[in-house]
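Shown next, in structure tokens, is the structure this report addresses.
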Amino acid sequence: MLTNNGLGHFYDLGQGAGVRVKEEPASGGRWDYLDDPGVRDRLLDFREGNLARVTLHVPAMHCVACVWLLENLFRLREGIGSSEVNFPRREVSILFDLAKVPLSGVVALLDSLGYPPVLRLDAVEGRRARPSFKRLYLQLGVAGFAFGNTMLFSFPAYLGLEPTAAAGLSRFFGWLSMALAVPVVLFSAADYWKAAWQAVRRRVLTIDFPIALGLAALFGRSAWEVMAGAGPGYFDSLTGLVFFLLCGRLFQQKSYERLSFDRDYRAFFPMAVTRRRGDGEETVPVSRVKVGDRLIIRHRELLPADARLVRGRGLLDYSFVTGESAPVEKRAGDLLYAGGRQMGTAVEVEVLRPVAQSYLASLWSREEVARPRSGGWAGITDRVSRWFTVTVVGVALAAAAWWAGRGQWGVGLWAFTAVLIVACPCALALAAPFAHGAAQRRLGLAGVFLRSADVVEALARVDMVVFDKTGTLTAPGQEETVWEGDELTVAERRAVAALAGQSAHPLARAMVRAVGRIERRIEVAAFHEEPGFGLSGEVDGHRWCLGSAAWLRRNGVPAPVGGVADQAEVWCAVNGRLLGRWRFRGRLRPESAPVLRAWRQAGMRLALLSGDQARERDRFAPLFGPDAEMLFEQTPAAKLEQVRRWREEGRVVMMVGDGLNDAGALRASDVGVAVTAGPGEFSPASDVILEGGRLDRLPAAWRLARSTTRLVRASIGVSLVYNAVGISLAAQGLLAPWICAVLMPLSSVSVIALAVGGVRWAAARLGLPTAHAISPETSTLEAVAV
């Protein structure tokens, strides 16, 4: 198809030989629901008449050949005008003509090429606008333009040149500098004026109040000098201060747009499901599913609403919702909860509750889950600024009163403005955002992605780490299989693989992986599967039974009675003779043991909160240590309540989890860490996102956060020493305001250099990456960060 359409260059760009594309149906087929006006209009970014634009998330793109092909879709389908790829976000924006190709046709074309877009329920229920930095960029541009020009106008004063030879030109530059400073004060610094006014109304002193006070003093004094002809003022320092402050704000607010830190159950559900309609089927949006609808849930599809099983054998995997790793057997008439993934043949269910009223949705209605996050770096800075502001204003007024009492009103006014200018807390305000922003980027290079720079301070205060088990400490979809019994011959292993291969049960598939796939097809006669018990059948004339001990006893095999009820195991027998059993448990991530050992060495209090049963307590007890709390069979609500209880005891809790069952606990904790399998995989709402393979970098991230907090305190200390010396000289009238204005940007630059350089040194000392580099071992998330 590519060659026939002149796109054979795809194979020159790509490293692989390509894959056979799926036949694109004449209509959208399973994508027809996208042409529903209610769904289509919510997905489209723009529409004017028949001209429309849609942006789709396509995680399958991975190289320049993919980008080239996706930007040449117009050659493959009439009606597609253009397509633009945003590779870091794995998105393609397509402009097309609805009269020639419907939205379902566009999506079907992508699917047929091997780039199926990810369409989730949250795309229809409510699309969150991406954070825009346009206004901040404009403010920064205005301040930078004014700063650069006023510095050039003031350059002769820096050299001590007398303006007598060109007094008119000097006054003109003063007026011009004031004209440039006005938009900086009114527009670029508008947020600081607003924040300071709000602080006054709330009767709370924050860092914005002394900043606004210093800006007012600088502008007022400078404007008076220019209008009175007494000098050019200090507009260069004023615009420079605003420029540096806005740089710090941008440095702090910049985050990883590629990652989604705010997600709920809707981001986990598909956009559409199959609904029974008479004798046929139809694909409908999940948002239109009603109580009483009959849905068809096929293998590995999700159940979007609480329902009752009507037909078929249910085998529900709730690991992502409850944390229980073993699938749950369900029969006709049983209640099924939303979020379960069917792991066997197709079943038919009847919806009992709307999607928004399901058990899963109820987790997000709790106040603790939706609680607002407390401030981050502002906590350190504002605590200092409260007494700093009172001290500065008090010293300035005292200095003015002292000189005025001696009849020297001019010197008093001079001292008052000098104190306010020299004490403007620029260095105080810049220390935390630059240090925390630098730490955020260092951690991003290490594969630990923070929601924002604010998280650094909270991470530094953590004194308790709580882990989920399934999918966090164990690798999802991977089991350790242990055989206990007589060694199986090659023929016996082939027979077991043939019999187990007839079932869709996860344990049967695990047995196939354990014994190895058969090289040739082996016929299985008289096959029978009893849901919840086991399998039986004849292979090469021998009668085989696989399943629970009770199942073997029912088939005349003498199997042990009792045992561990919650132990995941499968017994094996042939011709009535017991051979042994397989025991299954989740495979530990290679990083799990080292990360737990590192936390214990750091003196961190550890805990385990698992929705799984307690069958692996003895396995994890040595890893967590004797002082750790290990709680099993925890529901999502129980996890949330336990985390809240620890926080009420005064603990600063970091929760590490991966599933929807951890979402409430992640939000209720001081720092929530979501472990994800990859950039396209779902992760619950959190403060930190990292891939499971980088789990061992969490202790280093914690140590870097602590080092960064110490650097912030040291930078604030330097700023306070500078202010103490400057204020004492200014109050005595020994320090001219223009000298204060020159020293102010120098102190800002020194604090920024200390913060950024110190964080880089601390990251290198901890073995974290300090430069942008991509190697074959670099994860996809890290490559996106670079």
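Residues in the structure tokens are named by chain (A, B, ... in the order shown) and by number from 1 within that chain; ligands are numbered from 1 in the order shown.
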Within 10 Å of Gly333 (chain A), counting only C-alpha atoms, which residues show up once you throw out same-chain ones fewer than 5 positions away? Write them as a compact mmCIF listing (two decimals) with all heavy atoms, in the first residue's frame, please.
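This went into part-v4.txt:
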```
# COMPACT_ATOMS: atom_id res chain seq x y z
N ALA A 307 -22.45 -4.41 37.26
CA ALA A 307 -23.39 -5.18 36.44
C ALA A 307 -23.61 -6.56 37.03
O ALA A 307 -22.91 -6.98 37.97
CB ALA A 307 -22.88 -5.28 35.00
N ARG A 308 -24.58 -7.28 36.46
CA ARG A 308 -24.87 -8.66 36.85
C ARG A 308 -24.54 -9.56 35.67
O ARG A 308 -24.91 -9.26 34.52
CB ARG A 308 -26.35 -8.80 37.21
CG ARG A 308 -26.79 -10.21 37.61
CD ARG A 308 -28.24 -10.22 38.06
NE ARG A 308 -29.12 -9.71 37.03
CZ ARG A 308 -29.63 -10.45 36.03
NH1 ARG A 308 -29.32 -11.73 35.95
NH2 ARG A 308 -30.44 -9.91 35.14
N LEU A 309 -23.84 -10.68 35.95
CA LEU A 309 -23.46 -11.60 34.89
C LEU A 309 -24.70 -12.37 34.43
O LEU A 309 -25.39 -13.01 35.23
CB LEU A 309 -22.39 -12.57 35.40
CG LEU A 309 -21.84 -13.58 34.38
CD1 LEU A 309 -21.22 -12.86 33.19
CD2 LEU A 309 -20.82 -14.49 35.04
N VAL A 310 -24.97 -12.30 33.13
CA VAL A 310 -26.16 -12.95 32.56
C VAL A 310 -25.79 -14.25 31.86
O VAL A 310 -26.44 -15.29 32.04
CB VAL A 310 -26.87 -12.00 31.57
CG1 VAL A 310 -28.04 -12.70 30.88
CG2 VAL A 310 -27.35 -10.75 32.29
N ARG A 311 -24.73 -14.22 31.06
CA ARG A 311 -24.38 -15.39 30.27
C ARG A 311 -22.86 -15.49 30.16
O ARG A 311 -22.17 -14.49 30.00
CB ARG A 311 -25.00 -15.30 28.88
CG ARG A 311 -24.79 -16.55 28.02
CD ARG A 311 -25.47 -16.42 26.65
NE ARG A 311 -26.92 -16.30 26.80
CZ ARG A 311 -27.61 -15.20 26.56
NH1 ARG A 311 -26.97 -14.10 26.14
NH2 ARG A 311 -28.92 -15.16 26.71
N VAL A 349 -23.39 -9.15 30.20
CA VAL A 349 -23.74 -8.63 31.51
C VAL A 349 -24.89 -7.62 31.37
O VAL A 349 -25.09 -7.04 30.30
CB VAL A 349 -22.53 -7.94 32.19
CG1 VAL A 349 -21.37 -8.91 32.35
CG2 VAL A 349 -22.08 -6.72 31.39
N GLU A 350 -25.61 -7.43 32.46
CA GLU A 350 -26.68 -6.43 32.51
C GLU A 350 -26.27 -5.32 33.47
O GLU A 350 -25.94 -5.58 34.63
CB GLU A 350 -27.98 -7.07 32.99
CG GLU A 350 -29.13 -6.07 33.10
CD GLU A 350 -30.39 -6.71 33.63
OE1 GLU A 350 -30.40 -7.94 33.86
OE2 GLU A 350 -31.37 -5.97 33.85
```
Which residues, written as a ChimeraX atom specification, have at least one atom at most 9 Å from region 488-504 of chain A, with only C-alpha atoms counted and residues fewer than 2 positions away on the same chain left out? /A:299,343-345,485-486,506-519,521-524,527,529,535-540,544-546,572,579
Could you dump the residues just selected with N, CA and C atoms as a short mmCIF file (atom, residue, chain, number, x, y, z; two decimals), in the first residue's frame?
```
data_model
loop_
_atom_site.label_atom_id
_atom_site.label_comp_id
_atom_site.auth_asym_id
_atom_site.auth_seq_id
_atom_site.Cartn_x
_atom_site.Cartn_y
_atom_site.Cartn_z
N HIS A 299 -12.54 -10.88 25.82
CA HIS A 299 -11.27 -11.14 26.49
C HIS A 299 -10.45 -9.86 26.60
N MET A 343 -10.90 -12.10 31.59
CA MET A 343 -9.72 -12.81 31.15
C MET A 343 -10.04 -14.11 30.42
N GLY A 344 -11.27 -14.33 30.05
CA GLY A 344 -11.63 -15.56 29.34
C GLY A 344 -12.49 -15.26 28.13
N THR A 345 -13.37 -16.17 27.83
CA THR A 345 -14.26 -15.99 26.69
C THR A 345 -15.26 -14.88 26.97
N GLY A 485 7.37 -31.73 43.03
CA GLY A 485 6.97 -33.10 42.71
C GLY A 485 8.00 -33.78 41.85
N ASP A 486 7.62 -34.97 41.27
CA ASP A 486 8.53 -35.70 40.41
C ASP A 486 8.84 -34.87 39.16
N PRO A 506 -5.67 -17.39 33.62
CA PRO A 506 -4.29 -16.91 33.77
C PRO A 506 -3.33 -17.94 34.33
N LEU A 507 -3.79 -18.79 35.28
CA LEU A 507 -2.90 -19.81 35.83
C LEU A 507 -2.57 -20.88 34.78
N ALA A 508 -3.54 -21.20 33.92
CA ALA A 508 -3.28 -22.15 32.84
C ALA A 508 -2.24 -21.59 31.88
N ARG A 509 -2.35 -20.32 31.59
CA ARG A 509 -1.36 -19.70 30.70
C ARG A 509 0.02 -19.65 31.35
N ALA A 510 0.03 -19.42 32.67
CA ALA A 510 1.31 -19.43 33.37
C ALA A 510 1.96 -20.81 33.32
N MET A 511 1.14 -21.88 33.39
CA MET A 511 1.70 -23.23 33.28
C MET A 511 2.29 -23.47 31.90
N VAL A 512 1.61 -22.96 30.85
CA VAL A 512 2.14 -23.11 29.49
C VAL A 512 3.50 -22.45 29.38
N ARG A 513 3.62 -21.24 29.96
CA ARG A 513 4.92 -20.56 29.93
C ARG A 513 5.97 -21.32 30.73
N ALA A 514 5.54 -21.97 31.82
CA ALA A 514 6.50 -22.66 32.69
C ALA A 514 7.05 -23.94 32.04
N VAL A 515 6.17 -24.71 31.40
CA VAL A 515 6.62 -25.99 30.81
C VAL A 515 7.14 -25.80 29.40
N GLY A 516 6.86 -24.68 28.77
CA GLY A 516 7.34 -24.44 27.42
C GLY A 516 6.28 -24.78 26.38
N ARG A 517 6.25 -24.00 25.33
CA ARG A 517 5.27 -24.23 24.28
C ARG A 517 5.62 -25.50 23.48
N ILE A 518 4.57 -26.17 23.00
CA ILE A 518 4.79 -27.40 22.22
C ILE A 518 5.14 -27.03 20.79
N GLU A 519 6.00 -27.85 20.19
CA GLU A 519 6.46 -27.57 18.83
C GLU A 519 5.43 -27.98 17.78
N ARG A 521 1.22 -29.43 17.06
CA ARG A 521 -0.12 -29.46 17.64
C ARG A 521 -0.42 -30.85 18.19
N ILE A 522 -0.91 -30.91 19.43
CA ILE A 522 -1.29 -32.16 20.06
C ILE A 522 -2.78 -32.12 20.33
N GLU A 523 -3.48 -33.15 19.88
CA GLU A 523 -4.93 -33.20 20.06
C GLU A 523 -5.29 -33.52 21.50
N VAL A 524 -6.31 -32.83 22.00
CA VAL A 524 -6.82 -33.07 23.34
C VAL A 524 -8.26 -33.56 23.20
N PHE A 527 -12.09 -32.96 26.43
CA PHE A 527 -11.68 -31.82 27.27
C PHE A 527 -12.87 -31.31 28.07
N GLU A 529 -13.70 -28.33 31.33
CA GLU A 529 -13.22 -27.30 32.26
C GLU A 529 -14.35 -26.95 33.21
N LEU A 535 -9.17 -28.45 35.05
CA LEU A 535 -9.30 -28.99 33.70
C LEU A 535 -9.10 -30.49 33.72
N SER A 536 -9.66 -31.15 32.70
CA SER A 536 -9.39 -32.57 32.50
C SER A 536 -9.49 -32.87 31.02
N GLY A 537 -8.79 -33.91 30.57
CA GLY A 537 -8.82 -34.30 29.17
C GLY A 537 -7.86 -35.44 28.90
N GLU A 538 -7.95 -36.02 27.69
CA GLU A 538 -7.08 -37.12 27.28
C GLU A 538 -6.09 -36.63 26.25
N VAL A 539 -4.80 -36.92 26.51
CA VAL A 539 -3.73 -36.57 25.60
C VAL A 539 -2.91 -37.83 25.32
N ASP A 540 -2.86 -38.25 24.04
CA ASP A 540 -2.12 -39.46 23.64
C ASP A 540 -2.58 -40.68 24.44
N TRP A 544 -5.51 -36.80 31.93
CA TRP A 544 -4.82 -35.77 32.70
C TRP A 544 -5.83 -34.92 33.46
N CYS A 545 -5.43 -34.48 34.65
CA CYS A 545 -6.22 -33.57 35.47
C CYS A 545 -5.31 -32.46 36.00
N LEU A 546 -5.75 -31.23 35.84
CA LEU A 546 -5.05 -30.06 36.35
C LEU A 546 -6.05 -29.20 37.12
N CYS A 572 -1.37 -31.53 39.67
CA CYS A 572 -1.28 -32.23 38.38
C CYS A 572 -1.33 -33.75 38.63
N LEU A 579 1.20 -36.35 40.43
CA LEU A 579 2.58 -36.05 40.05
C LEU A 579 3.18 -34.93 40.90
#
```
Could you state the separation of CA of Ile297 (chain A) and CA of Ser610 (chain A) in Å, given to one decimal place?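 These atoms are spaced 27.5 Å apart.
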Using DSSP assignments from the backbone, pull out every residue in region 425-562 of chain A that falls under alpha helix (DSSP H) and give it to me as a count of residues only. 53
Tell me, as an mmCIF file with N, CA and C atoms, in the first residue's frame, which residues lie within 7 Å of region 456-463 of chain A, counting only C-alpha atoms; anything in the same chain fewer than 5 positions away does not count.
```cif
data_model
loop_
_atom_site.group_PDB
_atom_site.id
_atom_site.type_symbol
_atom_site.label_atom_id
_atom_site.label_comp_id
_atom_site.auth_asym_id
_atom_site.auth_seq_id
_atom_site.Cartn_x
_atom_site.Cartn_y
_atom_site.Cartn_z
ATOM 1 N N GLY A 376 4.139 24.372 48.510
ATOM 2 C CA GLY A 376 5.421 23.710 48.572
ATOM 3 C C GLY A 376 6.507 24.666 49.014
ATOM 4 N N TRP A 377 7.275 25.209 48.007
ATOM 5 C CA TRP A 377 8.402 26.037 48.378
ATOM 6 C C TRP A 377 7.969 27.308 49.091
ATOM 7 N N HIS A 436 14.684 24.318 43.695
ATOM 8 C CA HIS A 436 13.718 23.233 43.499
ATOM 9 C C HIS A 436 13.511 22.926 42.018
ATOM 10 N N MET A 604 14.483 4.820 57.456
ATOM 11 C CA MET A 604 13.111 5.156 57.090
ATOM 12 C C MET A 604 12.146 4.113 57.643
ATOM 13 N N ARG A 605 10.997 4.561 58.121
ATOM 14 C CA ARG A 605 9.953 3.641 58.549
ATOM 15 C C ARG A 605 9.227 3.127 57.309
ATOM 16 N N ARG A 651 3.162 11.497 60.991
ATOM 17 C CA ARG A 651 4.076 10.989 59.976
ATOM 18 C C ARG A 651 3.915 11.761 58.664
ATOM 19 N N VAL A 652 5.037 11.952 57.963
ATOM 20 C CA VAL A 652 5.019 12.513 56.610
ATOM 21 C C VAL A 652 5.151 11.330 55.659
ATOM 22 N N VAL A 653 4.065 10.981 54.987
ATOM 23 C CA VAL A 653 3.938 9.692 54.300
ATOM 24 C C VAL A 653 4.150 9.849 52.797
ATOM 25 N N MET A 654 4.963 8.969 52.246
ATOM 26 C CA MET A 654 5.076 8.809 50.798
ATOM 27 C C MET A 654 4.465 7.456 50.429
ATOM 28 N N ASP A 670 1.253 12.571 51.744
ATOM 29 C CA ASP A 670 1.975 13.824 51.528
ATOM 30 C C ASP A 670 2.645 13.846 50.168
ATOM 31 N N VAL A 671 3.164 12.699 49.738
ATOM 32 C CA VAL A 671 3.770 12.552 48.411
ATOM 33 C C VAL A 671 3.270 11.248 47.816
ATOM 34 N N TRP A 702 15.039 11.136 47.246
ATOM 35 C CA TRP A 702 14.760 11.670 48.589
ATOM 36 C C TRP A 702 15.990 12.391 49.147
ATOM 37 N N ALA A 705 16.402 15.704 47.417
ATOM 38 C CA ALA A 705 15.428 16.669 47.913
ATOM 39 C C ALA A 705 15.888 17.254 49.251
ATOM 40 N N ARG A 706 16.428 16.415 50.133
ATOM 41 C CA ARG A 706 16.929 16.905 51.419
ATOM 42 C C ARG A 706 18.119 17.845 51.221
ATOM 43 N N THR A 709 16.816 21.180 49.979
ATOM 44 C CA THR A 709 16.227 21.984 51.054
ATOM 45 C C THR A 709 17.314 22.653 51.890
#
```
Near Arg713 (chain A), within 9 Å and counting only C-alpha atoms, which residues show up once chain neighbours fewer than 4 positions away are dropped, as a ChimeraX atom specification? /A:380,431-432,708-709,717-718
Give the strand (DSSP E) residues of region 57-234 of chain A, as DSSP finds them on the backbone, and put them as a ChimeraX atom specification. /A:57,80-86,91-97
Nearest residue to Pro232 (chain A) from the set A:Ser748, A:Leu70, A:Pro156, A:Phe244 (distances using only C-alpha atoms): A:Pro156
Region 188-204 of chain A: which residues within 8 Å, counting only C-alpha atoms, same-chain residues fewer than 3 positions away excluded, as a short mmCIF file (atom, residue, chain, number, x, y, z; two decimals) with all heavy atoms, in the first residue's frame?
```
data_model
loop_
_atom_site.label_atom_id
_atom_site.label_comp_id
_atom_site.auth_asym_id
_atom_site.auth_seq_id
_atom_site.Cartn_x
_atom_site.Cartn_y
_atom_site.Cartn_z
N LEU A 138 4.94 36.53 27.77
CA LEU A 138 4.79 37.94 27.41
C LEU A 138 5.32 38.84 28.52
O LEU A 138 6.02 39.84 28.25
CB LEU A 138 3.32 38.25 27.13
CG LEU A 138 2.73 37.66 25.84
CD1 LEU A 138 1.24 37.94 25.76
CD2 LEU A 138 3.43 38.24 24.62
N GLN A 139 5.00 38.53 29.77
CA GLN A 139 5.50 39.32 30.89
C GLN A 139 7.02 39.28 30.94
O GLN A 139 7.68 40.30 31.15
CB GLN A 139 4.92 38.79 32.20
CG GLN A 139 3.44 39.03 32.38
CD GLN A 139 2.89 38.38 33.63
OE1 GLN A 139 3.23 37.24 33.95
NE2 GLN A 139 2.05 39.09 34.36
N LEU A 140 7.57 38.09 30.71
CA LEU A 140 9.02 37.94 30.74
C LEU A 140 9.66 38.71 29.59
O LEU A 140 10.71 39.34 29.75
CB LEU A 140 9.38 36.45 30.66
CG LEU A 140 10.84 36.07 30.85
CD1 LEU A 140 11.32 36.46 32.24
CD2 LEU A 140 11.02 34.57 30.65
N VAL A 142 8.50 41.43 28.01
CA VAL A 142 8.44 42.87 28.28
C VAL A 142 9.49 43.27 29.30
O VAL A 142 10.22 44.27 29.12
CB VAL A 142 7.02 43.26 28.77
CG1 VAL A 142 7.00 44.69 29.27
CG2 VAL A 142 6.00 43.08 27.65
N ALA A 143 9.61 42.50 30.38
CA ALA A 143 10.60 42.82 31.41
C ALA A 143 12.02 42.70 30.87
O ALA A 143 12.88 43.54 31.17
CB ALA A 143 10.41 41.90 32.62
N PRO A 183 5.28 49.79 31.72
CA PRO A 183 4.63 48.50 31.41
C PRO A 183 5.17 47.34 32.24
O PRO A 183 4.46 46.37 32.50
CB PRO A 183 4.91 48.31 29.92
CG PRO A 183 6.07 49.17 29.61
CD PRO A 183 5.95 50.35 30.53
N VAL A 184 6.44 47.44 32.67
CA VAL A 184 6.97 46.38 33.53
C VAL A 184 6.26 46.39 34.87
O VAL A 184 5.87 45.33 35.40
CB VAL A 184 8.50 46.57 33.72
CG1 VAL A 184 9.04 45.57 34.72
CG2 VAL A 184 9.22 46.44 32.39
N VAL A 185 6.06 47.58 35.43
CA VAL A 185 5.39 47.68 36.73
C VAL A 185 3.93 47.29 36.62
O VAL A 185 3.38 46.58 37.49
CB VAL A 185 5.54 49.11 37.28
CG1 VAL A 185 4.69 49.30 38.53
CG2 VAL A 185 6.99 49.41 37.60
N ASP A 208 5.30 37.87 48.71
CA ASP A 208 4.89 38.85 47.69
C ASP A 208 4.77 40.25 48.28
O ASP A 208 4.94 41.23 47.55
CB ASP A 208 3.55 38.43 47.08
CG ASP A 208 3.63 37.10 46.36
OD1 ASP A 208 4.43 37.00 45.42
OD2 ASP A 208 2.92 36.16 46.75
N PHE A 209 4.47 40.38 49.57
CA PHE A 209 4.30 41.71 50.15
C PHE A 209 5.63 42.49 50.18
O PHE A 209 5.67 43.64 49.71
CB PHE A 209 3.70 41.60 51.55
CG PHE A 209 3.45 42.92 52.20
CD1 PHE A 209 2.34 43.67 51.86
CD2 PHE A 209 4.34 43.44 53.13
CE1 PHE A 209 2.10 44.90 52.45
CE2 PHE A 209 4.12 44.67 53.72
CZ PHE A 209 3.00 45.39 53.38
N ILE A 211 8.17 42.02 48.33
CA ILE A 211 8.55 42.25 46.93
C ILE A 211 7.82 43.47 46.39
O ILE A 211 8.42 44.36 45.78
CB ILE A 211 8.24 41.00 46.07
CG1 ILE A 211 9.21 39.87 46.41
CG2 ILE A 211 8.33 41.35 44.59
CD1 ILE A 211 8.91 38.58 45.67
N ALA A 212 6.50 43.53 46.62
CA ALA A 212 5.72 44.67 46.15
C ALA A 212 6.18 45.96 46.83
O ALA A 212 6.24 47.03 46.19
CB ALA A 212 4.24 44.42 46.42
N VAL A 242 12.31 42.43 38.37
CA VAL A 242 11.12 41.77 37.85
C VAL A 242 11.50 40.68 36.86
O VAL A 242 10.91 39.58 36.86
CB VAL A 242 10.19 42.81 37.18
CG1 VAL A 242 8.98 42.12 36.55
CG2 VAL A 242 9.72 43.83 38.21
#
```
What separation in Å, quoted to one decimal, exists between CA of Pro558 (chain A) and CA of Trp571 (chain A)? 11.1 Å
Using only C-alpha atoms, which protein or nucleic acid residues come within 12 Å of Leu336 (chain A)? Drop anything in the same chain fewer than 2 positions from it, and give the result as a PyMOL selection string. chain A and resi 297+302-310+313-318+328-334+338-342+347-353+358-360
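From CA of Gly394 (chain A) back to CA of Thr417 (chain A), the distance works out to 12.7 Å.
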Of A:Pro626, A:Phe147, A:Gly229, A:Arg597, the one nearest to Gly168 (chain A) when counting only C-alpha atoms is A:Gly229
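Considering only C-alpha atoms, the residue among A:Ala573, A:Leu213, A:Ala60, A:Leu95 positioned nearest to Trp551 (chain A) is A:Ala573.
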